[in-house]
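File shown: coords-v2.cif. Contents: mmCIF, C-alpha atoms.
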```
data_target
#
loop_
_atom_site.label_atom_id
_atom_site.label_comp_id
_atom_site.auth_asym_id
_atom_site.auth_seq_id
_atom_site.Cartn_x
_atom_site.Cartn_y
_atom_site.Cartn_z
CA MET A 219 -1.68 113.07 127.51
CA ARG A 220 -0.84 109.46 128.06
CA HIS A 221 -2.58 108.46 124.83
CA ILE A 222 -0.77 111.15 122.87
CA LEU A 223 2.68 109.92 124.07
CA LYS A 224 1.75 106.32 123.17
CA ALA A 225 0.75 107.33 119.63
CA ILE A 226 4.00 109.28 119.11
CA PHE A 227 6.08 106.29 120.27
CA SER A 228 4.25 103.89 117.93
CA PHE A 229 4.83 106.25 114.96
CA GLN A 230 8.58 106.40 115.67
CA VAL A 231 8.83 102.60 115.84
CA LEU A 232 7.03 102.39 112.48
CA LEU A 233 9.50 104.84 110.87
CA LEU A 234 12.48 102.81 112.11
CA THR A 235 11.20 99.48 110.84
CA CYS A 236 10.04 100.54 107.31
CA PRO A 237 13.55 101.20 105.77
CA ASN A 238 14.71 97.73 106.81
CA ALA A 239 11.73 96.12 105.16
CA ASP A 240 12.32 98.11 101.98
CA ALA A 241 16.00 97.05 101.96
CA GLN A 242 14.98 93.40 102.34
CA VAL A 243 12.60 93.72 99.39
CA LYS A 244 15.37 95.31 97.27
CA SER A 245 17.88 92.68 98.36
CA ARG A 246 15.52 89.85 97.42
CA SER A 247 14.83 91.49 94.07
CA THR A 248 18.57 91.87 93.39
CA ASP A 249 19.25 88.25 94.36
CA THR A 250 16.59 87.03 91.96
CA VAL A 251 18.05 88.96 89.02
CA SER A 252 21.71 87.98 89.60
CA HIS A 253 21.07 84.25 90.07
CA PRO A 254 19.16 82.76 87.13
CA ASN A 255 17.23 79.52 87.42
CA PRO A 256 19.86 76.73 87.66
CA LEU A 257 17.46 74.21 86.08
CA VAL A 258 17.53 75.99 82.69
CA ILE A 259 20.34 74.46 80.49
CA VAL A 260 21.31 76.14 77.23
CA GLN A 261 22.45 73.60 74.60
CA PRO A 262 25.15 74.75 72.13
CA VAL A 263 24.14 74.74 68.48
CA LYS A 264 26.08 72.06 66.53
CA GLY A 265 26.90 72.46 62.84
CA PRO A 266 27.41 69.69 60.24
CA LYS A 267 30.46 67.49 60.64
CA PRO A 268 33.15 68.71 58.21
CA ILE A 269 34.23 66.41 55.37
CA SER A 270 37.82 65.24 55.87
CA HIS A 271 38.30 61.86 54.12
CA GLU A 272 37.79 60.39 50.67
CA LEU A 273 37.86 56.83 49.31
CA SER A 274 37.34 55.97 45.65
CA VAL A 275 37.98 53.33 42.99
CA GLY A 276 38.29 53.72 39.26
CA PHE A 277 39.16 52.35 35.85
CA ARG A 278 41.76 53.92 33.58
CA LEU A 279 42.01 53.33 29.82
CA ASN A 280 45.55 53.99 28.62
CA THR A 281 46.89 54.30 25.10
CA ASP A 282 49.14 51.34 25.98
CA GLY A 283 46.85 49.23 28.15
CA TRP A 284 44.48 49.55 31.08
CA SER A 285 44.51 50.08 34.87
CA ILE A 286 42.32 49.70 37.92
CA PHE A 287 43.10 51.91 40.91
CA SER A 288 42.00 53.13 44.31
CA ASP A 289 42.60 56.51 45.99
CA ILE A 290 42.61 57.12 49.75
CA GLY A 291 42.47 60.87 50.30
CA LYS A 292 42.54 63.59 52.93
CA VAL A 293 40.32 66.56 52.08
CA LYS A 294 41.86 69.99 52.65
CA ALA A 295 39.25 72.78 52.70
CA LYS A 296 39.44 76.35 54.05
CA ASP A 297 35.70 76.31 54.70
CA PRO A 298 34.52 72.89 56.02
CA ARG A 299 30.89 73.72 55.23
CA HIS A 300 31.70 73.86 51.52
CA SER A 301 34.31 71.11 51.28
CA ASP A 302 32.24 69.46 48.54
CA MET A 303 32.68 72.57 46.37
CA PHE A 304 36.04 74.13 47.24
CA HIS A 305 38.68 71.64 48.32
CA ASN A 306 42.11 70.16 47.66
CA VAL A 307 42.94 66.50 48.28
CA ARG A 308 46.13 64.75 49.35
CA PHE A 309 45.90 61.08 48.43
CA TRP A 310 47.63 57.73 48.38
CA GLN A 311 47.04 55.63 45.27
CA ILE A 312 47.38 51.92 44.55
CA GLU A 313 47.12 50.80 40.93
CA VAL A 314 47.31 47.57 38.93
CA THR A 315 48.02 47.94 35.22
CA GLU A 316 48.83 45.93 32.12
CA LYS A 317 51.15 47.41 29.49
CA LYS A 318 50.41 46.64 25.85
CA ASP A 319 52.31 47.53 22.72
CA PRO A 320 50.28 49.79 20.37
CA LYS A 321 51.07 47.38 17.53
CA GLU A 322 49.39 44.42 19.21
CA TYR A 323 46.44 42.83 17.41
CA LYS A 324 44.59 39.57 17.85
CA SER A 325 44.76 36.87 15.20
CA THR A 326 42.77 33.66 14.77
CA SER A 327 44.13 30.21 13.93
CA ASP A 328 42.19 27.43 12.21
CA ASN A 329 44.79 24.76 13.03
CA GLY A 330 43.74 21.79 15.17
CA GLY A 331 40.13 21.69 13.95
CA GLY A 332 39.06 24.77 15.91
CA THR A 333 39.66 28.48 16.16
CA ASN A 334 41.99 29.90 18.82
CA THR A 335 43.01 33.51 19.25
CA TYR A 336 46.53 34.76 19.89
CA ILE A 337 48.55 37.95 19.59
CA TYR A 338 50.96 37.64 16.72
CA GLY A 339 54.54 38.62 17.56
CA LYS A 340 53.94 39.04 21.30
CA ILE A 341 56.71 37.53 23.41
CA ASN A 342 56.10 38.96 26.92
CA ASN A 343 53.30 40.24 29.15
CA LEU A 344 54.08 43.15 31.46
CA TYR A 345 51.94 43.85 34.51
CA ALA A 346 52.74 46.45 37.16
CA LEU A 347 51.77 47.23 40.74
CA LYS A 348 52.13 50.96 41.42
CA LEU A 349 52.09 52.73 44.79
CA GLY A 350 52.02 56.51 44.69
CA TRP A 351 51.38 59.73 46.59
CA GLY A 352 49.62 62.68 45.01
CA TYR A 353 47.96 66.06 45.41
CA ARG A 354 44.79 67.27 43.69
CA ARG A 355 44.63 71.07 43.65
CA LEU A 356 41.49 73.08 42.98
CA LEU A 357 41.64 75.26 39.85
CA VAL A 358 38.00 76.27 39.41
CA GLY A 359 35.44 75.82 42.19
CA LYS A 360 31.71 75.12 42.22
CA PRO A 361 29.57 78.26 42.51
CA ASP A 362 26.49 76.07 43.04
CA PRO A 363 25.94 72.49 44.23
CA GLY A 364 25.68 70.11 41.28
CA SER A 365 28.02 72.03 39.01
CA VAL A 366 31.53 70.91 37.99
CA SER A 367 34.81 71.73 39.71
CA ILE A 368 38.15 71.34 37.96
CA HIS A 369 41.35 70.18 39.67
CA TRP A 370 44.96 69.62 38.65
CA ALA A 371 46.30 66.28 39.97
CA ASN A 372 49.91 65.09 40.19
CA ALA A 373 51.19 61.78 41.60
CA LEU A 374 54.48 59.90 41.75
CA GLY A 375 55.75 56.73 43.36
CA LEU A 376 57.16 53.25 42.95
CA SER A 377 56.35 50.71 40.22
CA VAL A 378 56.94 46.98 40.48
CA GLY A 379 56.88 45.30 37.06
CA PHE A 380 56.03 41.61 36.57
CA LEU A 381 57.34 40.27 33.25
CA LYS A 382 55.80 36.96 32.12
CA PRO A 383 56.77 35.12 28.92
CA TYR A 384 54.02 34.64 26.34
CA TYR A 385 53.51 31.01 25.21
CA LEU A 386 52.00 29.67 22.00
CA ASN A 387 50.74 26.24 21.01
CA THR A 388 52.13 25.18 17.62
CA VAL A 389 51.76 22.17 15.32
CA SER A 390 55.56 21.81 15.22
CA ASP A 391 55.92 21.08 18.95
CA PRO A 392 53.68 19.05 21.32
CA ASN A 393 54.55 21.46 24.13
CA ALA A 394 53.78 25.16 24.26
CA ILE A 395 56.74 27.30 23.25
CA LYS A 396 57.99 30.77 24.11
CA TYR A 397 60.06 33.03 21.92
CA SER A 398 63.81 32.35 21.66
CA ASP A 399 66.51 32.49 19.02
CA GLY A 400 66.20 28.71 18.55
CA ASN A 401 62.46 28.58 17.79
CA LYS A 402 61.66 32.08 16.52
CA VAL A 403 60.92 30.74 13.02
CA ASP A 404 58.13 28.48 14.31
CA PHE A 405 56.98 31.09 16.83
CA LEU A 406 56.45 33.68 14.09
CA ASN A 407 55.14 31.32 11.39
CA GLN A 408 51.37 31.79 11.39
CA ALA A 409 50.90 28.53 9.47
CA TYR A 410 52.23 26.65 12.53
CA ILE A 411 50.39 28.57 15.30
CA GLU A 412 47.40 26.93 16.97
CA GLY A 413 46.72 29.66 19.51
CA SER A 414 47.73 31.12 22.84
CA ALA A 415 48.68 28.66 25.59
CA GLY A 416 46.70 30.67 28.16
CA PHE A 417 47.44 33.05 31.01
CA SER A 418 48.63 30.42 33.51
CA LYS A 419 51.42 29.20 31.24
CA GLY A 420 54.65 30.97 32.23
CA LEU A 421 53.58 32.13 35.70
CA SER A 422 56.46 30.21 37.27
CA GLU A 423 58.91 32.23 35.14
CA VAL A 424 57.76 35.72 36.14
CA LYS A 425 60.57 38.25 36.63
CA ILE A 426 60.25 41.23 38.97
CA ILE A 427 61.54 44.57 37.65
CA PRO A 428 61.51 47.63 39.96
CA GLY A 429 60.89 51.12 38.65
CA GLY A 430 59.06 54.40 39.23
CA HIS A 431 56.20 56.42 37.75
CA TYR A 432 54.78 59.94 37.49
CA LYS A 433 51.38 61.10 36.24
CA SER A 434 49.75 64.48 35.73
CA SER A 435 46.10 65.04 34.88
CA VAL A 436 43.08 67.32 34.87
CA HIS A 437 40.34 66.06 37.18
CA PHE A 438 36.65 66.96 36.70
CA ASP A 439 34.50 66.52 39.81
CA PHE A 440 30.79 66.03 39.01
CA SER A 441 29.57 65.16 42.53
CA ALA A 442 26.43 67.00 43.61
CA ASN A 443 26.94 66.74 47.39
CA LYS A 444 29.53 66.24 50.10
CA LYS A 445 29.18 62.47 50.29
CA ASP A 446 29.68 61.30 46.70
CA VAL A 447 32.78 61.09 44.50
CA ILE A 448 32.03 61.13 40.77
CA GLY A 449 35.00 62.13 38.66
CA VAL A 450 36.52 61.96 35.20
CA GLU A 451 40.26 62.42 34.74
CA THR A 452 42.50 62.77 31.69
CA GLY A 453 46.24 63.23 31.44
CA PHE A 454 49.57 61.49 30.82
CA ASN A 455 51.63 58.86 32.61
CA LEU A 456 55.39 58.16 32.59
CA GLU A 457 57.06 54.94 33.79
CA TYR A 458 60.70 53.94 33.96
CA TYR A 459 62.07 50.48 34.87
CA SER A 460 65.50 49.34 35.96
CA GLN A 461 65.98 47.17 32.86
CA GLN A 462 64.76 47.14 29.29
CA VAL A 463 61.58 45.23 28.48
CA GLN A 464 60.60 43.76 25.13
CA LEU A 465 56.91 43.04 24.53
CA MET A 466 56.96 42.27 20.80
CA ALA A 467 59.45 40.31 18.69
CA ASN A 468 59.46 42.90 15.93
CA ARG A 469 59.72 45.92 18.25
CA PRO A 470 62.75 47.25 20.17
CA ALA A 471 63.11 46.76 23.92
CA THR A 472 62.66 49.81 26.18
CA ALA A 473 62.82 50.75 29.84
CA PHE A 474 60.67 53.89 29.38
CA PHE A 475 56.91 53.93 28.82
CA ALA A 476 54.71 56.98 28.18
CA ASP A 477 50.96 57.02 27.62
CA LEU A 478 47.83 59.18 27.61
CA PHE A 479 44.79 58.10 29.59
CA ILE A 480 41.21 58.81 30.53
CA ALA A 481 39.75 57.54 33.80
CA ILE A 482 36.39 57.33 35.56
CA GLN A 483 36.21 57.35 39.36
CA PHE A 484 33.54 56.65 41.99
CA GLY A 485 33.61 56.78 45.80
CA ARG A 486 32.50 58.37 49.06
CA ARG A 487 33.55 61.19 51.37
CA TRP A 488 32.99 61.40 55.11
#
```

What is this file in structure tokens?
Amino acid sequence: MRHILKAIFSFQVLLLTCPNADAQVKSRSTDTVSHPNPLVIVQPVKGPKPISHELSVGFRLNTDGWSIFSDIGKVKAKDPRHSDMFHNVRFWQIEVTEKKDPKEYKSTSDNGGGTNTYIYGKINNLYALKLGWGYRRLLVGKPDPGSVSIHWANALGLSVGFLKPYYLNTVSDPNAIKYSDGNKVDFLNQAYIEGSAGFSKGLSEVKIIPGGHYKSSVHFDFSANKKDVIGVETGFNLEYYSQQVQLMANRPATAFFADLFIAIQFGRRW
């Protein structure tokens, strides 16, 4: 009887302790699932850095001269991953240009025992420093890398003209002469002309003439990737100065200049 009572008591103790053990097992299992391993670090996936800036230089051939220029741009793209294909650009432009009359032509003199070139009838050189702001808008995008995109570009700004008198060496005067009413006969007489006096002659007499400019063009972007700028541009340019300028003796003075141009442009984006 004593042994039977002892067995019953042991069985009851076993029944009371088993649920607690099962709860501890479940609790440990729950804790393991809800608290992941703190040593595991998930790194975020980084995409390519979007293109946002552009810097380029170029050469422009005008119907009335030439220009060298540089553009500093801000790329505006709806999709940064394709900013090399579908983008607009806001840019600042600095340009140095020389204006030439379409009637200019070089002549050669045999006076003085040698040959010297000069521009017959030219009385002034006009150079200009132009600062402008512009916007290049996408018209047709690139469906594939390496193809061409077409943009419409417009820019306007200030022009600062530098007018320098043009000097000639002549057999009638030991000193170089510039055009005036008093010596225009000798200045325009090709039998007296020895040649141009050179670029440095007349620099101390340069006059500054303020003005403004506007240009509109179609820009073709040939770049094959996001980093390169390879472009060709063609359009027209308008300039107006605060006073009339005369470049040739046999041509009227004007304050307004208009020309057509074609330009080539190289640079980088980042």

> Quick one, how far is atom CA of A:Ser460 from atom CA of A:Gly283?
Replying inline: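 Interatomic distance here is 20.2 Å.
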
List the neighbours of A:Tyr432 out to 12 Å using only C-alpha atoms; skip same-chain residues closer than 6 positions along the sequence, and give me the result as a PDB file with C-alpha atoms, keeping the file's coordinate frame.
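Output file around.pdb is given in full below:
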```pdb
ATOM      1  CA  GLN A 311      47.040  55.630  45.270  1.00  0.00           C
ATOM      2  CA  LYS A 348      52.130  50.960  41.420  1.00  0.00           C
ATOM      3  CA  LEU A 349      52.090  52.730  44.790  1.00  0.00           C
ATOM      4  CA  GLY A 350      52.020  56.510  44.690  1.00  0.00           C
ATOM      5  CA  TRP A 351      51.380  59.730  46.590  1.00  0.00           C
ATOM      6  CA  GLY A 352      49.620  62.680  45.010  1.00  0.00           C
ATOM      7  CA  ALA A 371      46.300  66.280  39.970  1.00  0.00           C
ATOM      8  CA  ASN A 372      49.910  65.090  40.190  1.00  0.00           C
ATOM      9  CA  ALA A 373      51.190  61.780  41.600  1.00  0.00           C
ATOM     10  CA  LEU A 374      54.480  59.900  41.750  1.00  0.00           C
ATOM     11  CA  GLY A 375      55.750  56.730  43.360  1.00  0.00           C
ATOM     12  CA  LEU A 376      57.160  53.250  42.950  1.00  0.00           C
ATOM     13  CA  SER A 377      56.350  50.710  40.220  1.00  0.00           C
ATOM     14  CA  GLY A 453      46.240  63.230  31.440  1.00  0.00           C
ATOM     15  CA  PHE A 454      49.570  61.490  30.820  1.00  0.00           C
ATOM     16  CA  ASN A 455      51.630  58.860  32.610  1.00  0.00           C
ATOM     17  CA  LEU A 456      55.390  58.160  32.590  1.00  0.00           C
ATOM     18  CA  GLU A 457      57.060  54.940  33.790  1.00  0.00           C
ATOM     19  CA  TYR A 458      60.700  53.940  33.960  1.00  0.00           C
ATOM     20  CA  PHE A 474      60.670  53.890  29.380  1.00  0.00           C
ATOM     21  CA  PHE A 475      56.910  53.930  28.820  1.00  0.00           C
ATOM     22  CA  ALA A 476      54.710  56.980  28.180  1.00  0.00           C
ATOM     23  CA  ASP A 477      50.960  57.020  27.620  1.00  0.00           C
TER      24      ASP A 477
END
```

>> Would you compute the distance between atom CA of A:Arg308 and atom CA of A:Val293? Give it in Å to one decimal.
In response: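 Rounded to one decimal, the two atoms are 6.7 Å apart.
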
> So how many Å separate atom CA of A:Ile286 and atom CA of A:Ala415, to one decimal?
Replying inline: 25.2 Å

> Care to translate the PyMOL selection byres ((chain A and resi 468) around 12) into actual residues of this file, as JSON, numbers by chain?
Replying inline: {"A": [319, 321, 322, 338, 339, 340, 341, 397, 402, 406, 464, 465, 466, 467, 469, 470, 471]}

Could I see stretch 336-358 of chain A restored to N, CA and C atoms, set down as a PDB file, in the coordinates of the input?
```pdb
ATOM      1  N   TYR A 336      45.191  34.506  19.359  1.00  0.00           N
ATOM      2  CA  TYR A 336      46.530  34.760  19.890  1.00  0.00           C
ATOM      3  C   TYR A 336      46.955  36.136  19.394  1.00  0.00           C
ATOM      4  N   ILE A 337      48.006  36.666  20.005  1.00  0.00           N
ATOM      5  CA  ILE A 337      48.550  37.950  19.590  1.00  0.00           C
ATOM      6  C   ILE A 337      49.837  37.690  18.827  1.00  0.00           C
ATOM      7  N   TYR A 338      49.813  37.962  17.559  1.00  0.00           N
ATOM      8  CA  TYR A 338      50.960  37.640  16.720  1.00  0.00           C
ATOM      9  C   TYR A 338      52.153  38.529  17.060  1.00  0.00           C
ATOM     10  N   GLY A 339      53.299  37.901  17.274  1.00  0.00           N
ATOM     11  CA  GLY A 339      54.540  38.620  17.560  1.00  0.00           C
ATOM     12  C   GLY A 339      54.758  38.956  19.021  1.00  0.00           C
ATOM     13  N   LYS A 340      53.777  38.718  19.875  1.00  0.00           N
ATOM     14  CA  LYS A 340      53.940  39.040  21.300  1.00  0.00           C
ATOM     15  C   LYS A 340      54.818  38.001  21.964  1.00  0.00           C
ATOM     16  N   ILE A 341      55.798  38.468  22.750  1.00  0.00           N
ATOM     17  CA  ILE A 341      56.710  37.530  23.410  1.00  0.00           C
ATOM     18  C   ILE A 341      56.694  37.661  24.932  1.00  0.00           C
ATOM     19  N   ASN A 342      56.152  38.778  25.456  1.00  0.00           N
ATOM     20  CA  ASN A 342      56.100  38.960  26.920  1.00  0.00           C
ATOM     21  C   ASN A 342      54.850  39.732  27.302  1.00  0.00           C
ATOM     22  N   ASN A 343      54.317  39.426  28.487  1.00  0.00           N
ATOM     23  CA  ASN A 343      53.300  40.240  29.150  1.00  0.00           C
ATOM     24  C   ASN A 343      53.963  41.058  30.245  1.00  0.00           C
ATOM     25  N   LEU A 344      53.558  42.311  30.381  1.00  0.00           N
ATOM     26  CA  LEU A 344      54.080  43.150  31.460  1.00  0.00           C
ATOM     27  C   LEU A 344      52.920  43.690  32.279  1.00  0.00           C
ATOM     28  N   TYR A 345      52.902  43.319  33.554  1.00  0.00           N
ATOM     29  CA  TYR A 345      51.940  43.850  34.510  1.00  0.00           C
ATOM     30  C   TYR A 345      52.715  44.651  35.553  1.00  0.00           C
ATOM     31  N   ALA A 346      52.052  45.610  36.182  1.00  0.00           N
ATOM     32  CA  ALA A 346      52.740  46.450  37.160  1.00  0.00           C
ATOM     33  C   ALA A 346      51.830  46.756  38.338  1.00  0.00           C
ATOM     34  N   LEU A 347      52.420  46.767  39.518  1.00  0.00           N
ATOM     35  CA  LEU A 347      51.770  47.230  40.740  1.00  0.00           C
ATOM     36  C   LEU A 347      52.417  48.562  41.095  1.00  0.00           C
ATOM     37  N   LYS A 348      51.600  49.617  41.189  1.00  0.00           N
ATOM     38  CA  LYS A 348      52.130  50.960  41.420  1.00  0.00           C
ATOM     39  C   LYS A 348      51.564  51.527  42.731  1.00  0.00           C
ATOM     40  N   LEU A 349      52.456  52.062  43.541  1.00  0.00           N
ATOM     41  CA  LEU A 349      52.090  52.730  44.790  1.00  0.00           C
ATOM     42  C   LEU A 349      52.562  54.170  44.684  1.00  0.00           C
ATOM     43  N   GLY A 350      51.652  55.117  44.878  1.00  0.00           N
ATOM     44  CA  GLY A 350      52.020  56.510  44.690  1.00  0.00           C
ATOM     45  C   GLY A 350      51.373  57.436  45.697  1.00  0.00           C
ATOM     46  N   TRP A 351      51.910  58.648  45.760  1.00  0.00           N
ATOM     47  CA  TRP A 351      51.380  59.730  46.590  1.00  0.00           C
ATOM     48  C   TRP A 351      51.105  60.915  45.697  1.00  0.00           C
ATOM     49  N   GLY A 352      49.968  61.583  45.897  1.00  0.00           N
ATOM     50  CA  GLY A 352      49.620  62.680  45.010  1.00  0.00           C
ATOM     51  C   GLY A 352      48.876  63.801  45.689  1.00  0.00           C
ATOM     52  N   TYR A 353      48.670  64.866  44.924  1.00  0.00           N
ATOM     53  CA  TYR A 353      47.960  66.060  45.410  1.00  0.00           C
ATOM     54  C   TYR A 353      47.044  66.565  44.302  1.00  0.00           C
ATOM     55  N   ARG A 354      45.785  66.750  44.631  1.00  0.00           N
ATOM     56  CA  ARG A 354      44.790  67.270  43.690  1.00  0.00           C
ATOM     57  C   ARG A 354      44.428  68.687  44.114  1.00  0.00           C
ATOM     58  N   ARG A 355      44.805  69.655  43.303  1.00  0.00           N
ATOM     59  CA  ARG A 355      44.630  71.070  43.650  1.00  0.00           C
ATOM     60  C   ARG A 355      43.455  71.668  42.878  1.00  0.00           C
ATOM     61  N   LEU A 356      42.643  72.428  43.595  1.00  0.00           N
ATOM     62  CA  LEU A 356      41.490  73.080  42.980  1.00  0.00           C
ATOM     63  C   LEU A 356      41.931  74.191  42.036  1.00  0.00           C
ATOM     64  N   LEU A 357      41.402  74.170  40.807  1.00  0.00           N
ATOM     65  CA  LEU A 357      41.640  75.260  39.850  1.00  0.00           C
ATOM     66  C   LEU A 357      40.413  76.152  39.727  1.00  0.00           C
ATOM     67  N   VAL A 358      39.256  75.541  39.538  1.00  0.00           N
ATOM     68  CA  VAL A 358      38.000  76.270  39.410  1.00  0.00           C
ATOM     69  C   VAL A 358      36.981  75.605  40.312  1.00  0.00           C
TER      70      VAL A 358
END
```
